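Containing compact mmCIF, C-alpha atoms and all ligand atoms: run21.txt.
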```
# COMPACT_ATOMS: atom_id res chain seq x y z
CA MET A 840 -15.63 49.24 8.19
CA GLY A 841 -19.14 50.60 7.58
CA LYS A 842 -19.58 48.14 4.73
CA VAL A 843 -18.64 45.13 6.94
CA GLN A 844 -21.13 46.14 9.63
CA GLY A 845 -23.79 46.46 6.96
CA ILE A 846 -23.23 42.86 5.82
CA ILE A 847 -23.52 41.49 9.37
CA LYS A 848 -26.66 43.42 10.09
CA GLY A 849 -28.17 42.40 6.79
CA ASN A 850 -27.83 38.66 7.49
CA LYS A 851 -31.27 38.45 9.08
CA ALA A 852 -31.86 34.73 8.61
CA GLU A 853 -28.91 33.98 10.88
CA ARG A 854 -29.57 36.63 13.49
CA GLU A 855 -33.31 36.65 14.04
CA LEU A 856 -34.51 34.44 16.91
CA ASN A 857 -37.97 32.94 17.17
CA PHE A 858 -39.91 32.90 20.45
CA SER A 859 -38.29 29.68 21.68
CA GLY A 860 -34.89 31.08 20.79
CA LYS A 861 -35.60 34.20 22.70
CA LEU A 862 -36.56 32.18 25.76
CA TYR A 863 -33.08 30.61 25.48
CA LEU A 864 -33.60 27.61 27.79
CA PRO A 865 -35.61 25.44 25.32
CA GLU A 866 -32.74 25.71 22.84
CA ILE A 867 -30.26 24.66 25.52
CA PHE A 868 -32.39 21.60 26.37
CA LYS A 869 -32.62 20.74 22.67
CA GLY A 870 -28.84 20.85 22.43
CA MET A 871 -28.42 18.76 25.57
CA TRP A 872 -30.95 16.20 24.33
CA PHE A 873 -29.03 15.86 21.06
CA THR A 874 -25.78 15.34 22.98
CA PHE A 875 -27.44 12.80 25.30
CA SER A 876 -28.96 10.85 22.42
CA GLN A 877 -25.53 10.53 20.74
CA MET A 878 -24.12 8.81 23.84
CA PHE A 879 -26.03 5.62 23.00
CA ARG A 880 -25.06 5.43 19.36
CA LYS A 881 -22.37 3.02 18.22
CA SER A 882 -19.02 4.74 18.35
CA VAL A 883 -17.33 5.31 14.99
CA THR A 884 -13.97 6.28 16.43
CA LEU A 885 -11.22 4.14 17.97
CA GLU A 886 -9.04 4.97 20.92
CA TYR A 887 -5.80 4.75 19.01
CA PRO A 888 -3.09 3.71 19.86
CA GLU A 889 -4.63 1.50 22.58
CA VAL A 890 -7.10 0.14 20.03
CA LYS A 891 -5.61 -0.44 16.62
CA PRO A 892 -7.75 -0.62 13.50
CA VAL A 893 -7.32 -3.74 11.40
CA MET A 894 -6.69 -2.65 7.84
CA GLY A 895 -8.21 -4.43 4.87
CA PRO A 896 -6.25 -5.83 1.91
CA GLU A 897 -6.79 -2.63 -0.07
CA PHE A 898 -4.74 -0.66 2.46
CA ARG A 899 -1.24 0.37 1.45
CA GLY A 900 1.00 0.07 4.51
CA ARG A 901 4.75 -0.36 4.51
CA PRO A 902 6.15 -2.27 1.54
CA VAL A 903 7.62 -5.71 2.30
CA LEU A 904 9.37 -8.47 0.38
CA VAL A 905 7.38 -11.66 -0.19
CA ALA A 906 9.12 -14.86 0.89
CA GLU A 907 8.35 -18.39 -0.26
CA GLU A 908 9.79 -21.33 1.65
CA GLY A 909 12.06 -19.01 3.56
CA LYS A 910 13.49 -17.28 0.47
CA GLU A 911 12.51 -13.94 -0.95
CA ARG A 912 10.92 -14.02 -4.41
CA CYS A 913 12.88 -10.96 -5.45
CA VAL A 914 15.30 -11.44 -8.35
CA ALA A 915 17.03 -8.10 -7.80
CA CYS A 916 16.00 -6.74 -11.18
CA GLY A 917 15.97 -3.20 -9.81
CA LEU A 918 12.66 -2.16 -11.40
CA CYS A 919 11.11 -1.15 -8.09
CA ALA A 920 14.09 1.05 -7.27
CA ARG A 921 13.73 2.70 -10.69
CA ALA A 922 10.02 3.32 -10.23
CA CYS A 923 10.26 4.59 -6.66
CA PRO A 924 9.61 8.36 -6.85
CA PRO A 925 11.49 9.39 -3.67
CA LEU A 926 14.39 6.93 -4.33
CA ALA A 927 13.66 5.05 -1.13
CA ILE A 928 14.80 1.63 -2.38
CA SER A 929 18.36 0.44 -2.79
CA MET A 930 19.72 -3.04 -3.34
CA GLN A 931 22.76 -5.06 -4.14
CA ALA A 932 22.25 -8.06 -6.43
CA ALA A 933 24.18 -11.30 -6.18
CA GLU A 934 24.24 -14.47 -8.27
CA ILE A 935 22.83 -17.82 -7.24
CA THR A 936 24.29 -20.97 -8.66
CA ASP A 937 22.14 -23.71 -7.14
CA ASP A 938 18.66 -22.39 -7.94
CA GLN A 939 16.52 -21.63 -10.99
CA LYS A 940 16.71 -17.99 -10.03
CA GLU A 941 19.83 -16.35 -11.37
CA ARG A 942 19.94 -13.46 -8.93
CA TYR A 943 18.76 -12.46 -5.52
CA PRO A 944 19.17 -9.29 -3.51
CA GLU A 945 22.16 -9.71 -1.25
CA ARG A 946 21.11 -6.43 0.34
CA PHE A 947 17.75 -4.78 0.01
CA GLU A 948 16.90 -1.59 1.86
CA ILE A 949 13.93 0.74 2.02
CA ASP A 950 14.29 4.08 3.70
CA MET A 951 10.97 4.33 5.52
CA LEU A 952 11.39 8.06 6.04
CA ARG A 953 11.43 8.50 2.29
CA CYS A 954 8.68 6.04 1.38
CA ILE A 955 5.44 7.75 0.42
CA TYR A 956 3.39 4.51 0.23
CA CYS A 957 2.57 5.09 -3.41
CA GLY A 958 2.70 1.37 -4.25
CA PHE A 959 4.61 1.90 -7.50
CA CYS A 960 7.19 -0.71 -6.43
CA GLU A 961 4.39 -3.24 -6.05
CA GLU A 962 2.92 -2.34 -9.42
CA VAL A 963 6.10 -2.69 -11.42
CA CYS A 964 7.51 -5.81 -9.80
CA PRO A 965 7.42 -8.63 -12.36
CA GLU A 966 7.65 -11.31 -9.66
CA GLU A 967 5.04 -10.03 -7.20
CA ALA A 968 7.97 -9.97 -4.84
CA ILE A 969 7.26 -6.66 -3.14
CA VAL A 970 3.79 -5.82 -1.84
CA MET A 971 2.17 -3.27 0.42
CA SER A 972 1.56 -4.81 3.84
CA PRO A 973 -1.18 -3.79 6.31
CA GLU A 974 1.44 -2.50 8.77
CA TYR A 975 1.37 1.24 9.43
CA ASP A 976 2.34 1.56 13.07
CA TYR A 977 6.07 2.00 13.57
CA ASN A 978 8.42 4.73 14.68
CA PHE A 979 12.12 5.46 14.90
CA GLN A 980 14.42 7.10 17.39
CA ASP A 981 17.10 7.72 14.81
CA ARG A 982 17.17 8.34 11.06
CA LYS A 983 19.40 5.27 10.63
CA ASP A 984 16.72 3.08 12.25
CA ALA A 985 14.34 4.09 9.47
CA ILE A 986 16.39 2.20 6.88
CA TYR A 987 14.83 -1.24 6.87
CA GLY A 988 16.96 -4.13 5.66
CA LYS A 989 15.98 -7.65 4.71
CA ASP A 990 15.67 -8.63 8.36
CA LYS A 991 12.63 -6.37 8.62
CA LEU A 992 11.42 -6.51 5.04
CA VAL A 993 11.14 -10.22 4.28
CA VAL A 994 7.71 -11.58 5.22
CA ASP A 995 6.29 -15.04 4.51
CA LYS A 996 3.68 -15.09 1.77
CA GLU A 997 1.10 -16.75 4.04
CA LEU A 998 1.06 -13.62 6.20
CA LEU A 999 0.53 -11.50 3.10
CA LYS A 1000 -2.18 -13.68 1.61
CA PRO A 1001 -5.00 -11.10 1.86
CA ARG A 1002 -2.99 -8.56 -0.14
CA LEU A 1003 -1.74 -11.14 -2.65
CA ASP A 1004 -5.30 -12.38 -3.20
CA PHE A 1005 -6.49 -8.79 -3.54
CA LEU A 1006 -3.84 -8.12 -6.18
CA GLU A 1007 -4.67 -11.29 -8.04
CA ASP A 1008 -8.30 -10.26 -8.12
CA ARG A 1009 -7.87 -6.58 -8.98
CA ARG A 1010 -4.63 -6.19 -10.84
CA ASN A 1011 -4.06 -6.69 -14.54
CA ARG A 1012 -7.48 -8.12 -15.22
CA ASN A 1013 -6.80 -7.64 -18.89
CA PHE A 1014 -3.43 -9.26 -18.71
CA GLY A 1015 -3.20 -11.82 -21.47
CA LYS A 1016 -6.36 -10.51 -23.14
CA VAL A 1017 -5.13 -7.25 -24.61
CA TYR A 1018 -1.60 -8.53 -25.06
CA ASP A 1019 -0.96 -11.90 -26.56
CA PHE A 1020 0.70 -13.27 -23.47
CA GLU A 1021 2.67 -16.44 -23.69
CA GLU A 1022 4.08 -18.34 -20.78
CA SER A 1023 7.37 -18.69 -22.63
CA ASN A 1024 7.83 -14.92 -22.46
CA ASN A 1025 7.91 -15.06 -18.72
CA ILE A 1026 11.06 -17.03 -18.16
CA HIS A 1027 13.50 -14.20 -17.79
CA THR A 1028 14.51 -15.34 -14.34
CA LEU A 1029 15.18 -18.94 -15.24
CA ARG A 1030 18.68 -20.24 -15.44
CA ASN A 1031 17.70 -23.05 -17.82
CA ARG A 1032 16.03 -20.73 -20.34
CA ASP A 1033 17.19 -22.77 -23.35
CA GLU A 1034 15.74 -25.96 -21.93
CA VAL A 1035 12.38 -24.28 -21.23
CA MET A 1036 12.27 -22.68 -24.67
CA LYS A 1037 12.64 -26.12 -26.29
CA HIS A 1038 9.34 -27.19 -24.71
CA ALA A 1039 7.58 -23.86 -25.11
CA PRO A 1040 4.79 -23.71 -27.71
CA HIS A 1041 5.89 -21.93 -30.86
CA ASP A 1042 4.21 -18.82 -32.21
CA GLU A 1043 2.72 -20.64 -35.21
CA GLU A 1044 0.77 -22.94 -32.90
CA HIS A 1045 -1.05 -19.90 -31.47
CA HIS A 1046 -2.11 -18.30 -34.75
S1 LIG B 1 5.67 2.51 -1.89
FE1 LIG B 1 6.39 4.07 -3.38
S2 LIG B 1 7.78 5.34 -2.19
FE2 LIG B 1 7.51 3.47 -0.99
S3 LIG B 1 9.18 2.14 -1.61
FE3 LIG B 1 7.44 1.64 -2.95
S4 LIG B 1 7.72 2.93 -4.78
FE4 LIG B 1 9.03 3.78 -3.14
S1 LIG B 2 10.93 -5.15 -8.89
FE1 LIG B 2 10.50 -6.98 -7.65
S2 LIG B 2 11.96 -8.52 -8.37
FE2 LIG B 2 12.69 -6.53 -9.13
S3 LIG B 2 14.11 -5.82 -7.51
FE3 LIG B 2 12.12 -4.97 -6.99
S4 LIG B 2 11.19 -6.47 -5.59
FE4 LIG B 2 12.89 -7.47 -6.62
```
Go ahead and render the structure in this file as structure tokens.
Ligand code: SF4
Ligand code: SF4
Amino acid sequence: MGKVQGIIKGNKAERELNFSGKLYLPEIFKGMWFTFSQMFRKSVTLEYPEVKPVMGPEFRGRPVLVAEEGKERCVACGLCARACPPLAISMQAAEITDDQKERYPERFEIDMLRCIYCGFCEEVCPEEAIVMSPEYDYNFQDRKDAIYGKDKLVVDKELLKPRLDFLEDRRNRNFGKVYDFEESNNIHTLRNRDEVMKHAPHDEEHH
């Protein structure tokens, strides 16, 4: 106890008051002037939730499925579900017969109570079919409501353009430079693979 008191007493720089401090009122006016001067500065806070901040393309909000011409790009490969650390994604694949895509997700669900917004699903997706949207403001009354199905997940690509452009600009800048990328390698989702391979440039032509 004696030791603690000694430390407090010894902290003279903090305790000693100058003449103006001893008069007390000048210090109060200084404090009030500082407060008053801040009132005319531009506010840096928002009155959320009445005022909602608009998030930039770098923001990772809830993951959504990208749709083109009304159809999701997803080919139900399952990579995102594998990469998802809290196992928030589940899906059921089905075959398509009248499209170049062989598969699509008949069911696709993300448990939003599990999602940690890590963006791994977006990173691993070979089709750029799942991206992080700017949406962050949602709530649930029931745990079941937190499981989002395709009705809530599928979003048209035009609405996701800022994020898609951001990804195009920032992601995999070395893609095709470090690895000898060939278009013909990227046809794993095509039904007519043999036909495409016939017209694909052969390895010898590249070397
Ligand atoms: S953002 Fe992360 S946690 Fe959320 S669904 Fe994607 S991989 Fe899973
Ligand atoms: S990784 Fe992409 S294409 Fe594969 S299941 Fe997930 S969203 Fe669909």
Expected answer as an NGL selection string: residues within 12 Å of ligand LIG 2 (chain B), all atoms listed in the file
:A and (902-906 or 911-923 or 927-933 or 940-949 or 958-971 or 989 or 992-993 or 1027-1028)
Using all atoms of ligand LIG 1 (chain B) listed in the file and a margin of 4 Å per side, can you give the axis-aligned box centre and edge lengths in Å to one decimal, as AutoDock Vina command-line options?
```
--center_x 7.4 --center_y 3.5 --center_z -2.9 --size_x 11.5 --size_y 11.7 --size_z 11.8
```
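Our summary of the geometry notes that atom FE3 of ligand LIG 1 (chain B) is positioned 5.9 Å from CA of Tyr956 (chain A).
The residue set within 10 Å of Tyr977 (chain A), counting only C-alpha atoms and dropping same-chain residues fewer than 5 places from it, reads Arg901, Met951 and Ala985 of chain A.
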Interatomic distance (Å, one decimal) between atom S2 of ligand LIG 1 (chain B) and CA of Tyr975 (chain A):
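A separation of 13.9 Å between them.
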So that I can see what lies close to Asp984 (chain A), please list as a PyMOL selection string the residues with an atom at most 10 Å from it, counting all atoms listed in the file and leaving out residues fewer than 6 positions away in the same chain.
chain A and resi 950-952+978
Need to verify the contact set: Pro1001 (chain A), 10 Å, all atoms listed in the file, exclusion of same-chain residues closer than 5 positions in sequence. Can you return it as a count of residues only?
8
Minimum-distance residue to Asp995 (chain A), chosen among A:Val893, A:Cys957, A:Gly870, A:Lys910 (using all atoms listed in the file)
A:Lys910
Distance of CA of Phe898 (chain A) from CA of Glu997 (chain A), expressed in Å to one decimal place
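That distance, rounded to one decimal, is 17.2 Å.
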Taking all atoms listed in the file into account, which of A:Arg899, A:Lys869, A:Lys881, A:Lys861 comes nearest ligand LIG 1 (chain B)?
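So, comparing all the options, the nearest one is A:Arg899.
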Using all atoms listed in the file for the distances, tell me which of A:Met871, A:Val890, A:Met878, A:Cys954 is nearest to ligand LIG 1 (chain B).
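The shortest atom-to-atom distance to ligand LIG 1 (chain B) comes from A:Cys954.
Candidate residues A:Ile935, A:Leu998, A:Leu926, A:Leu1003 were compared for distance to ligand LIG 1 (chain B), and the nearest is A:Leu926, using all atoms listed in the file.
Nearest-residue note for ligand LIG 1 (chain B): choosing from A:Ile955, A:Leu999, A:Val994, A:Leu862, the minimum distance belongs to A:Ile955, counting all atoms listed in the file.
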Since fewer atoms than expected are present, regenerate N, CA and C atoms for region 956-986 of chain A and write them as a compact mmCIF listing (two decimals), keeping the file's coordinate frame.
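Output below, filename part_1.txt:
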```
# COMPACT_ATOMS: atom_id res chain seq x y z
N TYR A 956 4.48 5.51 0.29
CA TYR A 956 3.39 4.51 0.23
C TYR A 956 2.59 4.61 -1.06
N CYS A 957 3.27 4.92 -2.14
CA CYS A 957 2.57 5.09 -3.41
C CYS A 957 2.21 3.74 -4.03
N GLY A 958 2.99 2.70 -3.70
CA GLY A 958 2.70 1.37 -4.25
C GLY A 958 3.26 1.15 -5.65
N PHE A 959 4.05 2.09 -6.15
CA PHE A 959 4.61 1.90 -7.50
C PHE A 959 5.52 0.67 -7.54
N CYS A 960 6.28 0.44 -6.45
CA CYS A 960 7.19 -0.71 -6.43
C CYS A 960 6.38 -2.00 -6.62
N GLU A 961 5.26 -2.06 -5.95
CA GLU A 961 4.39 -3.24 -6.05
C GLU A 961 3.86 -3.39 -7.48
N GLU A 962 3.50 -2.28 -8.08
CA GLU A 962 2.92 -2.34 -9.42
C GLU A 962 3.91 -2.79 -10.47
N VAL A 963 5.16 -2.36 -10.34
CA VAL A 963 6.10 -2.69 -11.42
C VAL A 963 6.78 -4.04 -11.24
N CYS A 964 6.74 -4.58 -10.05
CA CYS A 964 7.51 -5.81 -9.80
C CYS A 964 7.01 -6.96 -10.67
N PRO A 965 7.87 -7.55 -11.48
CA PRO A 965 7.42 -8.63 -12.36
C PRO A 965 7.23 -9.96 -11.62
N GLU A 966 7.70 -10.05 -10.39
CA GLU A 966 7.65 -11.31 -9.66
C GLU A 966 6.64 -11.30 -8.52
N GLU A 967 5.90 -10.23 -8.37
CA GLU A 967 5.04 -10.03 -7.20
C GLU A 967 5.86 -10.31 -5.93
N ALA A 968 7.03 -9.72 -5.92
CA ALA A 968 7.97 -9.97 -4.84
C ALA A 968 7.96 -8.87 -3.79
N ILE A 969 7.35 -7.75 -4.12
CA ILE A 969 7.26 -6.66 -3.14
C ILE A 969 5.80 -6.21 -3.12
N VAL A 970 5.20 -6.21 -1.95
CA VAL A 970 3.79 -5.82 -1.84
C VAL A 970 3.61 -4.88 -0.65
N MET A 971 2.48 -4.19 -0.67
CA MET A 971 2.17 -3.27 0.42
C MET A 971 1.51 -4.09 1.54
N SER A 972 2.08 -4.04 2.71
CA SER A 972 1.56 -4.81 3.84
C SER A 972 0.53 -3.97 4.61
N PRO A 973 -0.21 -4.59 5.54
CA PRO A 973 -1.18 -3.79 6.31
C PRO A 973 -0.52 -3.02 7.45
N GLU A 974 0.79 -3.11 7.60
CA GLU A 974 1.44 -2.50 8.77
C GLU A 974 1.66 -0.99 8.58
N TYR A 975 1.23 -0.22 9.53
CA TYR A 975 1.37 1.24 9.43
C TYR A 975 1.91 1.85 10.72
N ASP A 976 2.05 1.02 11.75
CA ASP A 976 2.34 1.56 13.07
C ASP A 976 3.79 1.27 13.47
N TYR A 977 4.68 2.17 13.18
CA TYR A 977 6.07 2.00 13.57
C TYR A 977 6.70 3.37 13.71
N ASN A 978 7.75 3.44 14.48
CA ASN A 978 8.42 4.73 14.68
C ASN A 978 9.91 4.51 14.88
N PHE A 979 10.65 5.56 14.81
CA PHE A 979 12.12 5.46 14.90
C PHE A 979 12.64 6.50 15.87
N GLN A 980 13.75 6.15 16.50
CA GLN A 980 14.42 7.10 17.39
C GLN A 980 15.55 7.81 16.66
N ASP A 981 15.94 7.22 15.54
CA ASP A 981 17.10 7.72 14.81
C ASP A 981 16.85 7.56 13.33
N ARG A 982 17.39 8.44 12.51
CA ARG A 982 17.17 8.34 11.06
C ARG A 982 17.71 7.02 10.51
N LYS A 983 18.81 6.53 11.12
CA LYS A 983 19.40 5.27 10.63
C LYS A 983 18.43 4.10 10.86
N ASP A 984 17.67 4.18 11.95
CA ASP A 984 16.72 3.08 12.25
C ASP A 984 15.62 2.98 11.20
N ALA A 985 15.43 4.07 10.46
CA ALA A 985 14.34 4.09 9.47
C ALA A 985 14.73 3.35 8.19
N ILE A 986 15.99 2.96 8.07
CA ILE A 986 16.39 2.20 6.88
C ILE A 986 16.20 0.72 7.19
```
